[in-house]
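Novice: Just passing along the structure, written as structure tokens.
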Amino acid sequence: MKNENKIIDGKLIAETIKDNITKEIFNILPNHPSLAIILVGNKPDSEIYVSLKEREAKKVGIDTHLYRLDSKVEEKELLEVIDFLNKDKAIDAILLQLPLPEKINADKIINAIDPLKDADGFHPHHPDYIISPVIAAADFIVKNYKAKGRACIFYRSEVFGQGLKKHFELLGFEVDLLAVSEKDDPRINKSLKNNLSLISSKADVVVSALGLPHFLDKNYFKAGALVIDIGITKEGSFVFGDVDFDEVIDKVQALTPVPGGIGPMTIAFLFKNVWEIFKHH
């Protein structure tokens, strides 16, 4: 029972948010908000997130349209798809599933999305009523636990890392950004692991979005830290987060499990953005 109280139930939080959206959408039937999802390549974690978004969107009354592109797609072709969706009046919101292949300039692609249709809130000129779902979920958790002090963010996507850093600084945190490339696995590189843990073990809040299963053991956290695990990796029929849940649970204040933690919350906040975009259109 003690450990159960440390688990942040993202499903329960998400259901409350989605219930409110569903009621509002029901009141404007037969109209439905529409969301275009762009998926480049077939990364397993991205496939998981997209399928979840499509399934849950249907439940709340949001229509989805999936645009699946090969990982070898040229930047020019991707920009053409975005331009088409920007001009399509039947599409209220656009979601670009990250990360993109390394050869594609993610910032350039994100900036090409109409800021008034940017469901992820990554465009530098997105309206104030849109906030990145991941940032909204992290914000909800941090405020709920009244956390403060120092935050440490493990990341791969520069857009994600910088966006979350800026938001945590607005909340009054000192922030350490730790980029971990796919080419340098800290589970193998012991020197890198020691350097990373030396920094993260001083943080009051640790956020990880790496896609390295069970990468973060108890050495990465100080006692009483708040842990937000955004990483997701599928191995066979199982899904794992970045945090070694069983080893860490006794040491920290609270953490988001995978599955059932931050994932459902980000999807719920995504739908909230789509609904806001629809209303403003």
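Ordering of the structure tokens sets the chain letters (A, B, ...); residue numbers start at 1 within each chain; ligands are numbered from 1 in the order shown.
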Leaving out region 134-148 of chain A and any residue of its chain fewer than 2 positions from it, which residues lie within 8 Å of it when counting only C-alpha atoms, given as an MDAnalysis selection string?

Specialist: chainID A and resid 131:132 150 163:164 167 172:173 204:205 226 228 262 265:266 269

Novice: Which of region 138-276 of chain A counts as alpha helix (DSSP H) under DSSP, as an NGL selection string please?

Specialist: :A and (138-144 or 158-170 or 190-200 or 245-248 or 262-276)

Novice: Give me the residues near region 114-129 of chain A as a JSON list (two decimals) with N, CA and C atoms, in the first residue's frame, where near means some atom within 9 Å (using only C-alpha atoms) and where sequence neighbours in that chain fewer than 2 positions away do not count.

Specialist:
```json
[["chain", "number", "residue", "atom", "x", "y", "z"],
["A", 35, "LEU", "N", -8.33, 15.88, -36.63],
["A", 35, "LEU", "CA", -6.89, 15.92, -36.36],
["A", 35, "LEU", "C", -6.14, 15.11, -37.42],
["A", 82, "ILE", "N", 2.55, 18.99, -45.38],
["A", 82, "ILE", "CA", 2.16, 19.98, -44.37],
["A", 82, "ILE", "C", 1.46, 21.17, -45.01],
["A", 83, "ASP", "N", 1.97, 21.63, -46.14],
["A", 83, "ASP", "CA", 1.33, 22.75, -46.84],
["A", 83, "ASP", "C", -0.09, 22.40, -47.25],
["A", 85, "LEU", "N", -2.08, 20.23, -45.76],
["A", 85, "LEU", "CA", -2.91, 20.17, -44.55],
["A", 85, "LEU", "C", -3.18, 21.56, -43.98],
["A", 86, "ASN", "N", -2.21, 22.45, -44.11],
["A", 86, "ASN", "CA", -2.41, 23.83, -43.66],
["A", 86, "ASN", "C", -3.59, 24.48, -44.39],
["A", 87, "LYS", "N", -3.71, 24.16, -45.69],
["A", 87, "LYS", "CA", -4.73, 24.78, -46.53],
["A", 87, "LYS", "C", -6.06, 24.05, -46.50],
["A", 91, "ILE", "N", -9.43, 20.15, -42.02],
["A", 91, "ILE", "CA", -8.49, 19.74, -40.97],
["A", 91, "ILE", "C", -8.35, 20.89, -39.97],
["A", 92, "ASP", "N", -8.73, 20.61, -38.72],
["A", 92, "ASP", "CA", -8.61, 21.64, -37.68],
["A", 92, "ASP", "C", -7.21, 21.71, -37.10],
["A", 93, "ALA", "N", -6.61, 20.53, -36.85],
["A", 93, "ALA", "CA", -5.33, 20.49, -36.15],
["A", 93, "ALA", "C", -4.38, 19.49, -36.82],
["A", 94, "ILE", "N", -3.09, 19.75, -36.67],
["A", 94, "ILE", "CA", -2.05, 18.89, -37.25],
["A", 94, "ILE", "C", -1.10, 18.44, -36.15],
["A", 95, "LEU", "N", -0.81, 17.14, -36.14],
["A", 95, "LEU", "CA", 0.15, 16.57, -35.19],
["A", 95, "LEU", "C", 1.28, 15.91, -35.97],
["A", 96, "LEU", "N", 2.51, 16.34, -35.74],
["A", 96, "LEU", "CA", 3.69, 15.73, -36.33],
["A", 96, "LEU", "C", 4.33, 14.83, -35.28],
["A", 107, "ASP", "N", 13.15, 21.30, -36.77],
["A", 107, "ASP", "CA", 12.73, 22.68, -36.54],
["A", 107, "ASP", "C", 12.09, 23.29, -37.79],
["A", 110, "ILE", "N", 8.58, 21.71, -38.23],
["A", 110, "ILE", "CA", 7.64, 22.22, -37.23],
["A", 110, "ILE", "C", 7.23, 23.66, -37.55],
["A", 111, "ASN", "N", 8.20, 24.46, -37.97],
["A", 111, "ASN", "CA", 7.92, 25.86, -38.29],
["A", 111, "ASN", "C", 7.04, 26.01, -39.53],
["A", 112, "ALA", "N", 6.97, 24.95, -40.34],
["A", 112, "ALA", "CA", 6.14, 24.99, -41.55],
["A", 112, "ALA", "C", 4.66, 24.76, -41.24],
["A", 131, "ILE", "N", -0.73, 24.51, -25.44],
["A", 131, "ILE", "CA", 0.48, 24.17, -24.70],
["A", 131, "ILE", "C", 0.86, 22.74, -25.04],
["A", 132, "SER", "N", 2.13, 22.49, -25.22],
["A", 132, "SER", "CA", 2.60, 21.15, -25.56],
["A", 132, "SER", "C", 2.02, 20.14, -24.57],
["A", 133, "PRO", "N", 1.39, 19.05, -25.05],
["A", 133, "PRO", "CA", 0.79, 18.05, -24.16],
["A", 133, "PRO", "C", 1.76, 17.47, -23.14],
["A", 134, "VAL", "N", 3.00, 17.23, -23.55],
["A", 134, "VAL", "CA", 4.00, 16.69, -22.62],
["A", 134, "VAL", "C", 4.29, 17.71, -21.53],
["A", 159, "VAL", "N", 13.79, 19.89, -29.57],
["A", 159, "VAL", "CA", 12.54, 20.63, -29.43],
["A", 159, "VAL", "C", 11.92, 20.34, -28.07],
["A", 160, "PHE", "N", 11.86, 19.05, -27.73],
["A", 160, "PHE", "CA", 11.28, 18.64, -26.45],
["A", 160, "PHE", "C", 12.11, 19.17, -25.28],
["A", 163, "GLY", "N", 11.95, 23.04, -24.90],
["A", 163, "GLY", "CA", 10.60, 23.48, -24.51],
["A", 163, "GLY", "C", 10.32, 23.21, -23.05],
["A", 270, "LEU", "N", -3.41, 16.53, -25.49],
["A", 270, "LEU", "CA", -3.42, 16.72, -26.94],
["A", 270, "LEU", "C", -4.85, 16.98, -27.42],
["A", 271, "PHE", "N", -5.78, 16.16, -26.93],
["A", 271, "PHE", "CA", -7.18, 16.33, -27.32],
["A", 271, "PHE", "C", -7.73, 17.67, -26.83],
["A", 273, "ASN", "N", -6.00, 20.37, -26.66],
["A", 273, "ASN", "CA", -5.50, 21.33, -27.65],
["A", 273, "ASN", "C", -6.34, 21.32, -28.92],
["A", 274, "VAL", "N", -6.65, 20.11, -29.41],
["A", 274, "VAL", "CA", -7.45, 19.98, -30.63],
["A", 274, "VAL", "C", -8.81, 20.64, -30.44],
["A", 276, "GLU", "N", -9.53, 23.08, -28.33],
["A", 276, "GLU", "CA", -9.35, 24.52, -28.27],
["A", 276, "GLU", "C", -9.16, 25.10, -29.67],
["A", 277, "ILE", "N", -8.38, 24.40, -30.50],
["A", 277, "ILE", "CA", -8.16, 24.86, -31.87],
["A", 277, "ILE", "C", -9.49, 24.88, -32.63],
["A", 278, "PHE", "N", -10.28, 23.82, -32.46],
["A", 278, "PHE", "CA", -11.57, 23.72, -33.14],
["A", 278, "PHE", "C", -12.47, 24.89, -32.74],
["A", 280, "HIS", "N", -11.65, 27.84, -31.60],
["A", 280, "HIS", "CA", -11.15, 29.12, -32.10],
["A", 280, "HIS", "C", -11.30, 29.24, -33.61],
["A", 281, "HIS", "N", -11.32, 28.10, -34.31],
["A", 281, "HIS", "CA", -11.58, 28.15, -35.75],
["A", 281, "HIS", "C", -13.02, 28.56, -36.01]]
```

Novice: Which residues are close to region 216-218 of chain A, i.e. within 10 Å by only C-alpha atoms, leaving aside same-chain residues fewer than 3 positions away? Reply as a PyMOL selection string.

Specialist: chain A and resi 186-187+193+197+200-201+208+212-213+221-223+229+241-252

Novice: Taking C-alpha atoms for each residue, export the selection above as a short mmCIF file (atom, residue, chain, number, x, y, z; two decimals), in the first residue's frame.

Specialist:
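Ended up saving to result-v1.cif:
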```cif
data_model
loop_
_atom_site.label_atom_id
_atom_site.label_comp_id
_atom_site.auth_asym_id
_atom_site.auth_seq_id
_atom_site.Cartn_x
_atom_site.Cartn_y
_atom_site.Cartn_z
CA PRO A 186 25.08 5.03 -21.00
CA ARG A 187 24.06 1.51 -20.02
CA LYS A 193 26.60 6.82 -16.78
CA SER A 197 23.98 10.20 -12.45
CA SER A 200 20.55 13.86 -11.89
CA SER A 201 21.02 12.61 -8.31
CA SER A 208 13.34 11.24 -18.86
CA LEU A 212 16.11 3.23 -23.03
CA PRO A 213 14.28 0.52 -21.02
CA PHE A 221 17.89 9.79 -7.97
CA LYS A 222 18.15 11.40 -4.60
CA ALA A 223 15.74 10.31 -1.88
CA ASP A 229 9.07 8.88 -17.02
CA GLY A 241 9.85 3.02 -19.47
CA ASP A 242 13.29 4.55 -18.91
CA VAL A 243 13.06 4.06 -15.14
CA ASP A 244 13.80 0.77 -13.39
CA PHE A 245 10.48 0.94 -11.56
CA ASP A 246 11.01 -1.84 -9.00
CA GLU A 247 14.45 -0.60 -7.97
CA VAL A 248 13.48 3.08 -7.76
CA ILE A 249 9.99 3.02 -6.21
CA ASP A 250 11.16 2.81 -2.58
CA LYS A 251 13.57 5.73 -2.94
CA VAL A 252 11.51 8.41 -4.67
#
```

Novice: Do you have the CA of Lys166 (chain A)-CA of Ala203 (chain A) distance handy?

Specialist: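 Between CA of Lys166 (chain A) and CA of Ala203 (chain A) the gap works out to 16.5 Å.
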
Novice: Given only C-alpha atoms as the basis, pick out the residue of A:Leu210, A:Ile21, A:Val81, A:Ile8 nearest to Trp275 (chain A).

Specialist: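 Between A:Leu210, A:Ile21, A:Val81, A:Ile8, the residue approaching Trp275 (chain A) most closely is A:Ile21.
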
Novice: What lies within 12 Å of region 27-29 of chain A using only C-alpha atoms, ignoring chain neighbours under 4 positions off, as number ranges by chain?

Specialist: A: 20-23, 33, 60-62, 275, 278-279

Novice: Would you please give, as number ranges by chain, all residues of region 68-143 of chain A that DSSP assigns to strand (DSSP E) based on the backbone?

Specialist: A: 68-69, 93-96

Novice: How about saving the chosen residues, N, CA and C atoms kept, as a PDB file, in the first residue's frame?

Specialist:
```
ATOM      1  N   ARG A  68       0.859   8.533 -43.357  1.00  0.00           N
ATOM      2  CA  ARG A  68       2.041   7.706 -43.069  1.00  0.00           C
ATOM      3  C   ARG A  68       3.058   7.854 -44.208  1.00  0.00           C
ATOM      4  N   LEU A  69       4.282   8.246 -43.861  1.00  0.00           N
ATOM      5  CA  LEU A  69       5.334   8.460 -44.847  1.00  0.00           C
ATOM      6  C   LEU A  69       6.523   7.559 -44.548  1.00  0.00           C
ATOM      7  N   ALA A  93      -6.614  20.532 -36.851  1.00  0.00           N
ATOM      8  CA  ALA A  93      -5.326  20.491 -36.154  1.00  0.00           C
ATOM      9  C   ALA A  93      -4.384  19.494 -36.820  1.00  0.00           C
ATOM     10  N   ILE A  94      -3.086  19.748 -36.668  1.00  0.00           N
ATOM     11  CA  ILE A  94      -2.045  18.887 -37.249  1.00  0.00           C
ATOM     12  C   ILE A  94      -1.100  18.437 -36.152  1.00  0.00           C
ATOM     13  N   LEU A  95      -0.814  17.136 -36.143  1.00  0.00           N
ATOM     14  CA  LEU A  95       0.150  16.568 -35.194  1.00  0.00           C
ATOM     15  C   LEU A  95       1.280  15.911 -35.974  1.00  0.00           C
ATOM     16  N   LEU A  96       2.509  16.338 -35.735  1.00  0.00           N
ATOM     17  CA  LEU A  96       3.691  15.728 -36.333  1.00  0.00           C
ATOM     18  C   LEU A  96       4.330  14.833 -35.279  1.00  0.00           C
TER      19      LEU A  96
END
```

Novice: Given only C-alpha atoms as the basis, pick out the residue of A:Cys152, A:Leu171, A:Val73, A:Ile113 nearest to Tyr220 (chain A).

Specialist: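 For Tyr220 (chain A), the nearest of the candidates is A:Cys152.
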
Novice: If we count only C-alpha atoms and set the cut-off at 12 Å, which residues sit around Glu102 (chain A), ignoring sequence neighbours fewer than 4 positions away in its own chain? Please answer as a list in words.

Specialist: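 Contacts, with the query itself left out: Val40, Gly41, Ser71, Lys72, Val73, Glu74, Glu75, Leu98, Ala106, Asp107, Arg156, Ser157, Glu158, Ser181 and Glu182 of chain A.
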
Novice: Given only C-alpha atoms as the basis, pick out the residue of A:Leu170, A:Val239, A:Ile199, A:Ala225 nearest to Tyr49 (chain A).

Specialist: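 Nearest candidate to Tyr49 (chain A) out of A:Leu170, A:Val239, A:Ile199, A:Ala225: A:Val239.
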
Novice: Choose the residue, out of A:Lys190, A:Lys59, A:Lys202, A:Lys43, that has the smallest atom-to-atom separation from Glu15 (chain A); count only C-alpha atoms.

Specialist: A:Lys59

Novice: Given the choices A:Ser191, A:Pro44, A:Leu177, A:Asp185, which gets closest to Val206 (chain A) if the distance is worked out from only C-alpha atoms?

Specialist: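 The shortest atom-to-atom distance to Val206 (chain A) comes from A:Leu177.
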
Novice: One decimal, Å: what's the distance from CA of Glu174 (chain A) over to CA of Gly161 (chain A), could you say?

Specialist: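 About the pair CA of Glu174 (chain A) and CA of Gly161 (chain A): they are 14.0 Å apart.
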
Novice: Compare A:Ala36, A:Leu100, A:Ile48, A:Ala179 by their minimum atom-to-atom distance to Phe84 (chain A), counting only C-alpha atoms, and give me the closest one.

Specialist: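 The answer is A:Ala36, which sits nearest to Phe84 (chain A).
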